[in-house]
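K.L.:
My questions all concern the structure below.
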Amino acid sequence: LKPTKKALIVYCSPAGTTRHVAQTMKDKIQELGAATVICDLGNRGDEAGIISEIQDAKDRTLLLIGSPVYALHAVPPVMNFISKLPEGTGVFAVPFVTWGGVSSGIALYEMGKALAAKGMKVVGAAKVLAVHSMMWQIDHPLGHGHPDQEDDKKIRGLISQTLDKLSGEKIKTIPFSELVCYPEHVRSEMEKITLEARKEHMPERKVDQNLCTQCQECSDTCPTDAITFSPFPEFGNNCIFCFNCVRTCPEKAIKSDLSEIENRIRTMAKEFAERPFTEIYS
Ligand SMILES: Cc1cc2nc3c(=O)[nH]c(=O)nc-3n(C[C@H](O)[C@H](O)[C@H](O)COP(=O)(O)O)c2cc1C
């Protein structure tokens, strides 16, 4: 037997909760004696380094890959990363998502499907409830206080079970069709909704030129490098509407009225009523 010696952890996390899950996984893996390499896709992580690790994977290498749910999907940086992975390496994979209590949509399902298409064996997965990242300005955001200690415990449990599984003889994989909690007709409707189309309905961001000092903090924190200066910040097409620029601007010069979208988000959460909030597949 060649137990897992190395786990590669890749994620995108504009608002930090997916990073928290990734970190919790990393700590548990190290506690169990395996090495980890971690890559933050939105923050100048070493993507190429991870891809070559996967290319040269030996023993039972594990790839854990995490995304927030945006408009029912995994975010573009994560899906783009998966599309660049080499095929047929036989690496084992665990996709995970954080979601803001509206709907986890088909994010896990499509990540699982894309990983399987690369010949990876999905051996676990997780969806984790998290505070809704469009609601940081309000008192009682959806997902308030999550991921909490119970969520963290479930994440550590997933890691123990997965490494256990990978040290066994017969390794059971999880079909990606199981990674979605909606019936097929809902799933196919969800496939038609895209973040690209939703962008039209996203709150506008306006730059107050009297306040902006062109400090570039917004572009530093932008996970898709979508901000250019001429001389004030402008938002390019690859913006994913994470609102990191609004959230982190030290002068509060980038403004966006998110109150108008709040009711819509809450209504959708009631309609979907998705349960359980945090779920581990193993
Ligand atoms: C543009 C945008 C779209 C979102 N769409 C959804 C969604 O469809 N369903 C949901 O439950 N949460 C949604 N959320 C909330 C995030 O999925 C959630 O807060 C996630 O944990 C953020 O991860 P991060 O902290 O790693 O950035 C959305 C957030 C943003 C900014």
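Residue numbering restarts at 1 for every chain of the structure tokens, chains are lettered A, B, ... in their displayed order, and ligands are numbered from 1 as they appear.
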Taking only C-alpha atoms and all ligand atoms and a cut-off of 7 Å, can you tell me which residues surround ligand 1, written as a ChimeraX atom specification?
P.N.:
/A:12-19,67-73,98-105,129-134,240-243
K.L.:
Mind dumping the selected residues with C-alpha atoms as an mmCIF file, in the first residue's frame?
P.N.:
data_model
loop_
_atom_site.group_PDB
_atom_site.id
_atom_site.type_symbol
_atom_site.label_atom_id
_atom_site.label_comp_id
_atom_site.auth_asym_id
_atom_site.auth_seq_id
_atom_site.Cartn_x
_atom_site.Cartn_y
_atom_site.Cartn_z
ATOM 1 C CA CYS A 12 -10.622 30.702 -4.797
ATOM 2 C CA SER A 13 -11.997 32.753 -1.914
ATOM 3 C CA PRO A 14 -12.744 36.429 -2.444
ATOM 4 C CA ALA A 15 -14.316 36.906 0.995
ATOM 5 C CA GLY A 16 -12.257 34.359 2.921
ATOM 6 C CA THR A 17 -14.660 31.596 3.980
ATOM 7 C CA THR A 18 -13.540 29.091 1.346
ATOM 8 C CA ARG A 19 -9.988 29.906 2.479
ATOM 9 C CA SER A 67 -15.020 27.380 -4.703
ATOM 10 C CA PRO A 68 -17.677 29.717 -3.416
ATOM 11 C CA VAL A 69 -21.105 29.317 -5.053
ATOM 12 C CA TYR A 70 -21.882 32.298 -7.312
ATOM 13 C CA ALA A 71 -25.248 32.341 -9.082
ATOM 14 C CA LEU A 72 -25.617 28.584 -8.469
ATOM 15 C CA HIS A 73 -22.210 27.748 -9.984
ATOM 16 C CA THR A 98 -19.092 27.289 0.448
ATOM 17 C CA TRP A 99 -22.527 28.792 -0.110
ATOM 18 C CA GLY A 100 -24.436 31.658 1.433
ATOM 19 C CA GLY A 101 -27.652 29.916 2.404
ATOM 20 C CA VAL A 102 -29.544 30.675 -0.824
ATOM 21 C CA SER A 103 -28.769 27.573 -2.881
ATOM 22 C CA SER A 104 -25.627 25.579 -3.522
ATOM 23 C CA GLY A 105 -27.032 25.070 -7.018
ATOM 24 C CA LEU A 129 -22.692 26.942 4.833
ATOM 25 C CA ALA A 130 -20.973 30.336 5.043
ATOM 26 C CA VAL A 131 -21.945 33.915 5.638
ATOM 27 C CA HIS A 132 -23.344 35.383 2.416
ATOM 28 C CA SER A 133 -20.590 37.520 0.925
ATOM 29 C CA MET A 134 -22.958 40.096 -0.546
ATOM 30 C CA ILE A 240 -17.032 38.261 -10.999
ATOM 31 C CA PHE A 241 -18.835 40.705 -8.694
ATOM 32 C CA CYS A 242 -17.221 39.537 -5.482
ATOM 33 C CA PHE A 243 -17.256 43.141 -4.193
#
K.L.:
Applying 10 Å and only C-alpha atoms, which residues near segment 251-261 of chain A remain after dropping the ones on its own chain fewer than 5 positions away? List them as JSON, numbers by chain.
P.N.:
{"A": [134, 135, 136, 137, 138, 201, 202, 203, 204, 205, 206, 207, 208, 209, 210, 211, 212, 213, 214, 215, 218, 233, 243, 245, 246, 266]}
K.L.:
Within 6 Å of segment 272-280 of chain A, counting only C-alpha atoms, which residues qualify if same-chain residues fewer than 6 places away don't, as a list in words?
P.N.:
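Contacts, with the query itself left out: Ala126, Lys127, Val128 and Leu129 of chain A.
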K.L.:
Grab the residues selected above and save them as a short mmCIF file (atom, residue, chain, number, x, y, z; two decimals), in the first residue's frame with N, CA, C and O atoms.
P.N.:
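Everything below was put into selection_11.cif:
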data_model
loop_
_atom_site.label_atom_id
_atom_site.label_comp_id
_atom_site.auth_asym_id
_atom_site.auth_seq_id
_atom_site.Cartn_x
_atom_site.Cartn_y
_atom_site.Cartn_z
N ALA A 126 -17.73 18.24 -0.20
CA ALA A 126 -18.38 18.94 0.91
C ALA A 126 -19.04 20.21 0.42
O ALA A 126 -18.51 20.89 -0.44
N LYS A 127 -20.22 20.49 0.97
CA LYS A 127 -20.76 21.84 0.82
C LYS A 127 -20.90 22.39 2.23
O LYS A 127 -21.37 21.71 3.15
N VAL A 128 -20.42 23.61 2.40
CA VAL A 128 -20.33 24.19 3.74
C VAL A 128 -21.07 25.53 3.76
O VAL A 128 -20.81 26.40 2.92
N LEU A 129 -21.98 25.67 4.71
CA LEU A 129 -22.69 26.94 4.83
C LEU A 129 -21.72 28.03 5.28
O LEU A 129 -20.87 27.80 6.14
#
K.L.:
Which residues are close to Arg44 of chain A, i.e. within 12 Å by only C-alpha atoms, leaving aside same-chain residues fewer than 3 positions away? Reply as a PyMOL selection string.
P.N.:
chain A and resi 10-12+38-41+47-49+77+220-225
K.L.:
Those same residues, written as an mmCIF file, in the first residue's frame with N, CA, C and O atoms?
P.N.:
data_model
loop_
_atom_site.group_PDB
_atom_site.id
_atom_site.type_symbol
_atom_site.label_atom_id
_atom_site.label_comp_id
_atom_site.auth_asym_id
_atom_site.auth_seq_id
_atom_site.Cartn_x
_atom_site.Cartn_y
_atom_site.Cartn_z
ATOM 1 N N VAL A 10 -6.326 23.629 -3.533
ATOM 2 C CA VAL A 10 -6.471 24.762 -4.457
ATOM 3 C C VAL A 10 -7.832 25.387 -4.218
ATOM 4 O O VAL A 10 -8.828 24.671 -4.098
ATOM 5 N N TYR A 11 -7.892 26.706 -4.153
ATOM 6 C CA TYR A 11 -9.198 27.323 -3.919
ATOM 7 C C TYR A 11 -9.211 28.754 -4.434
ATOM 8 O O TYR A 11 -8.163 29.363 -4.682
ATOM 9 N N CYS A 12 -10.432 29.272 -4.563
ATOM 10 C CA CYS A 12 -10.622 30.702 -4.797
ATOM 11 C C CYS A 12 -11.527 31.178 -3.672
ATOM 12 O O CYS A 12 -12.505 30.506 -3.339
ATOM 13 N N ILE A 38 -0.539 24.419 -0.864
ATOM 14 C CA ILE A 38 -1.789 25.161 -0.936
ATOM 15 C C ILE A 38 -1.663 26.278 -1.978
ATOM 16 O O ILE A 38 -0.599 26.880 -2.129
ATOM 17 N N CYS A 39 -2.741 26.512 -2.723
ATOM 18 C CA CYS A 39 -2.697 27.504 -3.794
ATOM 19 C C CYS A 39 -3.988 28.315 -3.818
ATOM 20 O O CYS A 39 -5.069 27.768 -4.007
ATOM 21 N N ASP A 40 -3.851 29.616 -3.611
ATOM 22 C CA ASP A 40 -4.997 30.531 -3.648
ATOM 23 C C ASP A 40 -5.090 31.108 -5.059
ATOM 24 O O ASP A 40 -4.284 31.955 -5.444
ATOM 25 N N LEU A 41 -6.065 30.640 -5.820
ATOM 26 C CA LEU A 41 -6.159 31.019 -7.237
ATOM 27 C C LEU A 41 -6.369 32.518 -7.446
ATOM 28 O O LEU A 41 -5.962 33.072 -8.452
ATOM 29 N N GLU A 47 -0.321 28.391 -9.587
ATOM 30 C CA GLU A 47 -1.140 27.463 -10.370
ATOM 31 C C GLU A 47 -0.296 26.470 -11.149
ATOM 32 O O GLU A 47 -0.554 25.275 -11.143
ATOM 33 N N ALA A 48 0.728 27.001 -11.828
ATOM 34 C CA ALA A 48 1.569 26.144 -12.670
ATOM 35 C C ALA A 48 2.266 25.090 -11.817
ATOM 36 O O ALA A 48 2.428 23.938 -12.243
ATOM 37 N N GLY A 49 2.675 25.481 -10.616
ATOM 38 C CA GLY A 49 3.349 24.551 -9.704
ATOM 39 C C GLY A 49 2.430 23.381 -9.357
ATOM 40 O O GLY A 49 2.852 22.222 -9.353
ATOM 41 N N PRO A 77 -12.624 31.294 -11.911
ATOM 42 C CA PRO A 77 -11.215 30.919 -11.698
ATOM 43 C C PRO A 77 -11.044 29.427 -11.374
ATOM 44 O O PRO A 77 -10.068 28.808 -11.792
ATOM 45 N N ASP A 220 -5.262 45.039 -6.021
ATOM 46 C CA ASP A 220 -4.491 44.002 -5.322
ATOM 47 C C ASP A 220 -5.402 42.895 -4.797
ATOM 48 O O ASP A 220 -5.014 41.735 -4.742
ATOM 49 N N THR A 221 -6.596 43.260 -4.387
ATOM 50 C CA THR A 221 -7.486 42.285 -3.761
ATOM 51 C C THR A 221 -8.434 41.629 -4.770
ATOM 52 O O THR A 221 -9.178 40.719 -4.438
ATOM 53 N N CYS A 222 -8.387 42.094 -6.018
ATOM 54 C CA CYS A 222 -9.291 41.563 -7.043
ATOM 55 C C CYS A 222 -8.833 40.161 -7.466
ATOM 56 O O CYS A 222 -7.723 39.994 -7.956
ATOM 57 N N PRO A 223 -9.688 39.137 -7.299
ATOM 58 C CA PRO A 223 -9.252 37.762 -7.602
ATOM 59 C C PRO A 223 -9.126 37.466 -9.093
ATOM 60 O O PRO A 223 -8.542 36.449 -9.469
ATOM 61 N N THR A 224 -9.661 38.342 -9.953
ATOM 62 C CA THR A 224 -9.559 38.055 -11.392
ATOM 63 C C THR A 224 -8.768 39.124 -12.145
ATOM 64 O O THR A 224 -8.810 39.172 -13.379
ATOM 65 N N ASP A 225 -8.055 39.970 -11.405
ATOM 66 C CA ASP A 225 -7.260 41.032 -12.039
ATOM 67 C C ASP A 225 -8.093 41.862 -13.008
ATOM 68 O O ASP A 225 -7.655 42.181 -14.123
#
K.L.:
Going by DSSP on the backbone, which residues of segment 23-254 of chain A come out as strand (DSSP E)? List them as a PyMOL selection string.
P.N.:
chain A and resi 35-40+62-70+73-74+92-99+121-122+125-129+206-207+227-229+233-235+254
K.L.:
For segment 30-34 of chain A, find every residue with an atom within 6 Å (counting only C-alpha atoms), except residues of its own chain fewer than 2 positions away, and show them as a list of chain:residue names.
P.N.:
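Those residues are A:Lys5, A:Lys6, A:Asp27, A:Lys28.
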K.L.:
Restricting the calculation to only C-alpha atoms: of A:Thr24, A:Thr248, A:Asn238, A:Thr89, which residue gets closest to Glu196 of chain A?
P.N.:
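Using only C-alpha atoms, the shortest distance to Glu196 of chain A belongs to A:Asn238.
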K.L.:
With a distance cut-off of 12 Å and only C-alpha atoms, select the neighbouring residues of Leu63 of chain A, excluding the residue or stretch itself and same-chain residues fewer than 6 positions from it, and output the selection as a count of residues only.
P.N.:
43
K.L.:
Kindly indicate which residue among A:Lys113, A:Leu108, A:Pro3, A:His144 lies nearest to Cys181 of chain A, using only C-alpha atoms for the distances.
P.N.:
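Ranked by minimum distance to Cys181 of chain A, first place goes to A:Leu108.
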K.L.:
Please measure the separation of atom CA of Leu158 of chain A and atom CA of Glu191 of chain A, giving the value in Å to one decimal.
P.N.:
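Taking atom CA of Leu158 of chain A and atom CA of Glu191 of chain A, their separation equals 27.6 Å.
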